[in-house]
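Below is entry_29.cif, holding mmCIF, C-alpha atoms and all ligand atoms; chains and numbers go by the auth columns.
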data_entry
loop_
_atom_site.group_PDB
_atom_site.id
_atom_site.type_symbol
_atom_site.label_atom_id
_atom_site.label_comp_id
_atom_site.label_asym_id
_atom_site.label_seq_id
_atom_site.Cartn_x
_atom_site.Cartn_y
_atom_site.Cartn_z
_atom_site.B_iso_or_equiv
_atom_site.auth_seq_id
_atom_site.auth_asym_id
ATOM 1 C CA MET A 1 -33.578 -73.716 -15.881 0.00 1 A
ATOM 2 C CA VAL A 2 -35.378 -71.485 -18.366 0.00 2 A
ATOM 3 C CA ILE A 3 -37.954 -73.008 -20.692 0.00 3 A
ATOM 4 C CA PHE A 4 -39.050 -70.847 -23.598 0.00 4 A
ATOM 5 C CA ARG A 5 -40.624 -70.899 -27.051 0.00 5 A
ATOM 6 C CA ASP A 6 -38.718 -68.921 -29.695 0.00 6 A
ATOM 7 C CA GLN A 7 -40.317 -66.876 -32.483 0.00 7 A
ATOM 8 C CA ASN A 8 -40.126 -69.914 -34.793 0.00 8 A
ATOM 9 C CA GLY A 9 -42.252 -71.818 -32.292 0.00 9 A
ATOM 10 C CA ASP A 10 -39.447 -74.113 -31.216 0.00 10 A
ATOM 11 C CA VAL A 11 -39.290 -74.950 -27.515 0.00 11 A
ATOM 12 C CA GLY A 12 -35.956 -74.671 -25.753 0.00 12 A
ATOM 13 C CA ALA A 13 -34.594 -75.239 -22.283 0.00 13 A
ATOM 14 C CA VAL A 14 -31.347 -73.746 -21.040 0.00 14 A
ATOM 15 C CA GLU A 15 -29.610 -73.351 -17.727 0.00 15 A
ATOM 16 C CA ASP A 16 -30.446 -69.921 -16.293 0.00 16 A
ATOM 17 C CA ARG A 17 -26.824 -68.870 -16.545 0.00 17 A
ATOM 18 C CA CYS A 18 -25.181 -67.642 -19.700 0.00 18 A
ATOM 19 C CA CYS A 19 -22.094 -69.687 -20.514 0.00 19 A
ATOM 20 C CA HIS A 20 -20.221 -66.506 -21.439 0.00 20 A
ATOM 21 C CA ARG A 21 -20.215 -64.521 -18.212 0.00 21 A
ATOM 22 C CA GLY A 22 -23.017 -66.050 -16.209 0.00 22 A
ATOM 23 C CA ALA A 23 -25.807 -63.511 -16.763 0.00 23 A
ATOM 24 C CA PRO A 24 -29.308 -64.832 -15.969 0.00 24 A
ATOM 25 C CA LEU A 25 -30.912 -65.944 -19.230 0.00 25 A
ATOM 26 C CA HIS A 26 -34.460 -65.568 -17.882 0.00 26 A
ATOM 27 C CA LEU A 27 -33.859 -61.810 -18.367 0.00 27 A
ATOM 28 C CA GLY A 28 -32.981 -62.391 -22.029 0.00 28 A
ATOM 29 C CA LYS A 29 -34.968 -61.779 -25.183 0.00 29 A
ATOM 30 C CA VAL A 30 -36.817 -64.387 -27.239 0.00 30 A
ATOM 31 C CA MET A 31 -35.447 -64.314 -30.785 0.00 31 A
ATOM 32 C CA GLU A 32 -36.404 -65.915 -34.100 0.00 32 A
ATOM 33 C CA LYS A 33 -34.057 -68.706 -33.053 0.00 33 A
ATOM 34 C CA GLY A 34 -33.370 -69.182 -29.362 0.00 34 A
ATOM 35 C CA LEU A 35 -33.218 -67.023 -26.267 0.00 35 A
ATOM 36 C CA GLN A 36 -30.705 -64.186 -26.377 0.00 36 A
ATOM 37 C CA CYS A 37 -28.672 -63.184 -23.332 0.00 37 A
ATOM 38 C CA GLY A 38 -29.261 -59.563 -22.442 0.00 38 A
ATOM 39 C CA TYR A 39 -25.644 -58.931 -21.579 0.00 39 A
ATOM 40 C CA HIS A 40 -23.642 -59.534 -24.789 0.00 40 A
ATOM 41 C CA GLY A 41 -26.215 -61.143 -27.033 0.00 41 A
ATOM 42 C CA LEU A 42 -25.048 -64.744 -26.936 0.00 42 A
ATOM 43 C CA THR A 43 -27.930 -66.981 -28.021 0.00 43 A
ATOM 44 C CA PRO A 44 -27.296 -70.610 -27.053 0.00 44 A
ATOM 45 C CA GLU A 45 -28.084 -73.302 -29.611 0.00 45 A
ATOM 46 C CA THR A 46 -26.503 -76.338 -28.004 0.00 46 A
ATOM 47 C CA GLU A 47 -24.162 -76.820 -25.071 0.00 47 A
ATOM 48 C CA THR A 48 -21.199 -75.803 -27.251 0.00 48 A
ATOM 49 C CA SER A 49 -22.683 -73.627 -29.997 0.00 49 A
ATOM 50 C CA CYS A 50 -24.824 -70.512 -30.384 0.00 50 A
ATOM 51 C CA PHE A 51 -27.003 -68.807 -32.975 0.00 51 A
ATOM 52 C CA TYR A 52 -25.673 -65.303 -32.285 0.00 52 A
ATOM 53 C CA PHE A 53 -22.909 -63.646 -30.328 0.00 53 A
ATOM 54 C CA TRP A 54 -23.058 -59.872 -30.562 0.00 54 A
ATOM 55 C CA SER A 55 -20.829 -57.969 -28.178 0.00 55 A
ATOM 56 C CA ALA A 56 -21.168 -54.363 -29.301 0.00 56 A
ATOM 57 C CA ALA A 57 -24.004 -52.110 -30.382 0.00 57 A
ATOM 58 C CA ASN A 58 -24.168 -49.110 -32.665 0.00 58 A
ATOM 59 C CA GLY A 59 -24.400 -46.362 -30.086 0.00 59 A
ATOM 60 C CA TYR A 60 -22.842 -43.630 -32.187 0.00 60 A
ATOM 61 C CA ARG A 61 -24.913 -43.428 -35.438 0.00 61 A
ATOM 62 C CA GLN A 62 -28.112 -45.176 -34.416 0.00 62 A
ATOM 63 C CA ASP A 63 -30.157 -43.823 -37.337 0.00 63 A
ATOM 64 C CA ASP A 64 -27.644 -45.067 -39.892 0.00 64 A
ATOM 65 C CA PRO A 65 -28.083 -48.771 -40.765 0.00 65 A
ATOM 66 C CA SER A 66 -24.814 -48.725 -42.717 0.00 66 A
ATOM 67 C CA ALA A 67 -22.966 -47.933 -39.459 0.00 67 A
ATOM 68 C CA THR A 68 -24.523 -50.997 -37.830 0.00 68 A
ATOM 69 C CA GLU A 69 -23.602 -53.130 -40.847 0.00 69 A
ATOM 70 C CA GLN A 70 -20.031 -51.821 -40.767 0.00 70 A
ATOM 71 C CA LEU A 71 -19.746 -52.561 -37.039 0.00 71 A
ATOM 72 C CA PHE A 72 -21.145 -56.058 -37.544 0.00 72 A
ATOM 73 C CA SER A 73 -18.785 -56.700 -40.444 0.00 73 A
ATOM 74 C CA GLU A 74 -15.749 -55.652 -38.419 0.00 74 A
ATOM 75 C CA ILE A 75 -16.753 -57.804 -35.429 0.00 75 A
ATOM 76 C CA ASP A 76 -17.574 -60.745 -37.697 0.00 76 A
ATOM 77 C CA THR A 77 -14.116 -60.454 -39.251 0.00 77 A
ATOM 78 C CA ALA A 78 -12.522 -60.548 -35.788 0.00 78 A
ATOM 79 C CA PHE A 79 -14.602 -63.591 -34.789 0.00 79 A
ATOM 80 C CA GLN A 80 -13.713 -65.409 -37.989 0.00 80 A
ATOM 81 C CA GLN A 81 -10.026 -64.749 -37.309 0.00 81 A
ATOM 82 C CA ASP A 82 -10.412 -66.210 -33.794 0.00 82 A
ATOM 83 C CA LYS A 83 -12.691 -69.106 -34.753 0.00 83 A
ATOM 84 C CA HIS A 84 -9.983 -71.763 -35.021 0.00 84 A
ATOM 85 C CA VAL A 85 -8.495 -70.874 -31.624 0.00 85 A
ATOM 86 C CA VAL A 86 -11.933 -70.738 -29.982 0.00 86 A
ATOM 87 C CA GLN A 87 -12.770 -74.186 -31.379 0.00 87 A
ATOM 88 C CA LEU A 88 -9.501 -75.573 -30.000 0.00 88 A
ATOM 89 C CA GLN A 89 -10.243 -73.975 -26.609 0.00 89 A
ATOM 90 C CA GLN A 90 -13.698 -75.571 -26.613 0.00 90 A
ATOM 91 C CA GLU A 91 -12.146 -78.965 -27.337 0.00 91 A
ATOM 92 C CA ARG A 92 -9.775 -78.529 -24.377 0.00 92 A
ATOM 93 C CA LEU A 93 -12.646 -77.461 -22.090 0.00 93 A
ATOM 94 C CA ALA A 94 -14.623 -80.519 -23.157 0.00 94 A
ATOM 95 C CA GLU A 95 -11.589 -82.692 -22.441 0.00 95 A
ATOM 96 C CA LEU A 96 -10.448 -81.131 -19.148 0.00 96 A
ATOM 97 C CA GLY A 97 -13.466 -79.218 -17.780 0.00 97 A
ATOM 98 C CA GLU A 98 -13.249 -75.806 -16.151 0.00 98 A
ATOM 99 C CA GLY A 99 -11.498 -77.018 -12.991 0.00 99 A
ATOM 100 C CA GLY A 100 -8.055 -76.168 -14.337 0.00 100 A
ATOM 101 C CA LEU A 101 -8.860 -72.597 -15.330 0.00 101 A
ATOM 102 C CA ILE A 102 -6.833 -69.893 -13.638 0.00 102 A
ATOM 103 C CA ASP A 103 -8.634 -66.834 -12.241 0.00 103 A
ATOM 104 C CA VAL A 104 -7.208 -63.535 -13.503 0.00 104 A
ATOM 105 C CA VAL A 105 -7.976 -60.035 -12.234 0.00 105 A
ATOM 106 C CA ALA A 106 -9.383 -58.921 -15.600 0.00 106 A
ATOM 107 C CA ASP A 107 -12.153 -61.505 -15.183 0.00 107 A
ATOM 108 C CA SER A 108 -12.972 -60.658 -11.554 0.00 108 A
ATOM 109 C CA ALA A 109 -16.483 -59.347 -12.319 0.00 109 A
ATOM 110 C CA ARG A 110 -17.278 -62.463 -14.390 0.00 110 A
ATOM 111 C CA ILE A 111 -15.871 -64.736 -11.724 0.00 111 A
ATOM 112 C CA HIS A 112 -17.875 -62.985 -9.009 0.00 112 A
ATOM 113 C CA MET A 113 -21.038 -63.209 -11.090 0.00 113 A
ATOM 114 C CA ARG A 114 -20.522 -66.918 -11.855 0.00 114 A
ATOM 115 C CA ARG A 115 -19.897 -67.704 -8.190 0.00 115 A
ATOM 116 C CA THR A 116 -23.017 -65.762 -7.213 0.00 116 A
ATOM 117 C CA VAL A 117 -25.107 -67.561 -9.831 0.00 117 A
ATOM 118 C CA ASP A 118 -23.629 -70.936 -8.746 0.00 118 A
ATOM 119 C CA ARG A 119 -24.559 -70.158 -5.134 0.00 119 A
ATOM 120 C CA LEU A 120 -28.094 -69.128 -6.125 0.00 120 A
ATOM 121 C CA ILE A 121 -28.520 -72.291 -8.209 0.00 121 A
ATOM 122 C CA ASP A 122 -27.289 -74.423 -5.280 0.00 122 A
ATOM 123 C CA GLU A 123 -29.700 -72.656 -2.911 0.00 123 A
ATOM 124 C CA ASP A 124 -32.560 -73.126 -5.367 0.00 124 A
ATOM 125 C CA ARG A 125 -31.761 -76.826 -5.773 0.00 125 A
ATOM 126 C CA GLN A 126 -31.614 -77.244 -1.999 0.00 126 A
ATOM 127 C CA ARG A 127 -34.995 -75.505 -1.559 0.00 127 A
ATOM 128 C CA SER A 128 -36.447 -77.730 -4.260 0.00 128 A
ATOM 129 C CA ALA A 129 -35.058 -80.862 -2.589 0.00 129 A
ATOM 130 C CA ASP A 130 -36.357 -79.694 0.814 0.00 130 A
ATOM 131 C CA HIS A 131 -39.782 -79.034 -0.686 0.00 131 A
ATOM 132 C CA LYS A 132 -39.931 -82.484 -2.319 0.00 132 A
ATOM 133 C CA GLU A 133 -38.906 -84.060 0.977 0.00 133 A
ATOM 134 C CA ALA A 134 -41.570 -82.107 2.896 0.00 134 A
ATOM 135 C CA VAL A 135 -44.263 -83.045 0.370 0.00 135 A
ATOM 136 C CA ALA A 136 -43.261 -86.715 0.451 0.00 136 A
ATOM 137 C CA GLY A 137 -43.597 -86.547 4.237 0.00 137 A
HETATM 138 S S1 LIG B . -22.942 -62.957 -20.320 0.00 201 A
HETATM 139 FE FE1 LIG B . -24.289 -63.662 -21.799 0.00 201 A
HETATM 140 S S2 LIG B . -23.438 -63.043 -23.648 0.00 201 A
HETATM 141 FE FE2 LIG B . -22.036 -62.380 -22.169 0.00 201 A
#

As structure tokens - that is how I would like this structure written.
Ligand code: FES
Amino acid sequence: MVIFRDQNGDVGAVEDRCCHRGAPLHLGKVMEKGLQCGYHGLTPETETSCFYFWSAANGYRQDDPSATEQLFSEIDTAFQQDKHVVQLQQERLAELGEGGLIDVVADSARIHMRRTVDRLIDEDRQRSADHKEAVAG
């Protein structure tokens, strides 16, 4: 769990695992609204929504703000085109959970990362439970 205060002064708490590809959010960046994942820029708002999702950066004309705006506009257009499908996918995930998802080779790095983060979270929870038990005597 990561507890943070964003630049607006609002306090947030999120699981230390980005819902996109599992990156640790404690390595993220505090934004005006929320805590931004350092991997692709997803900034969780609620369990099923986010403030930002930025997957590409202007690495070709960094001194030209119009290049960044153009890149953003093109990505925003693609997201808007996918929005309906993504919302339907989210509804299915809410209904069925992730248990029925099929692993594909293209997602192997994400799957490995999520399994590693799941294992680390389990180990951390076990250490916490062991510590509470030891303290309670
Ligand atoms: S892993 Fe966090 S935005 Fe992709």

For each of A:Ala23, A:Pro65, A:Glu47, A:Cys37, take the minimum atom-to-atom distance to Gln90 (chain A), counting only C-alpha atoms, then give the residue where this is smallest.
-> A:Glu47

Taking into account all atoms listed in the file, which residue in the set A:Thr43, A:Gln126, A:Gln70, A:Gln89 is nearest to His20 (chain A)?
->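 Of the candidates, the smallest distance to His20 (chain A) is held by A:Thr43.
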
For Met1 (chain A): contacts at 7 Å, all atoms listed in the file, fewer than 5 positions along chain excluded, given as JSON, numbers by chain = {"A": [13, 14, 15, 16]}

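Among the candidates A:Glu32, A:Asp6, A:Ala56, A:His131, the residue lying nearest to ligand LIG 201 (chain A) is A:Ala56 (atoms considered: all atoms listed in the file).
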
So which residues touch Val2 (chain A) within 12 Å, counting all atoms listed in the file, skipping near sequence neighbours fewer than 3 positions away, as a PyMOL selection string?
-> chain A and resi 5+11-18+24-30+34-37+44

If I wrap all listed atoms of ligand LIG 201 (chain A) in a box with edges along x, y and z and add 3 Å on each side, what are its centre and edge lengths in Å to one decimal, as AutoDock Vina command-line options?
--center_x -23.2 --center_y -63.0 --center_z -22.0 --size_x 8.3 --size_y 7.3 --size_z 9.3
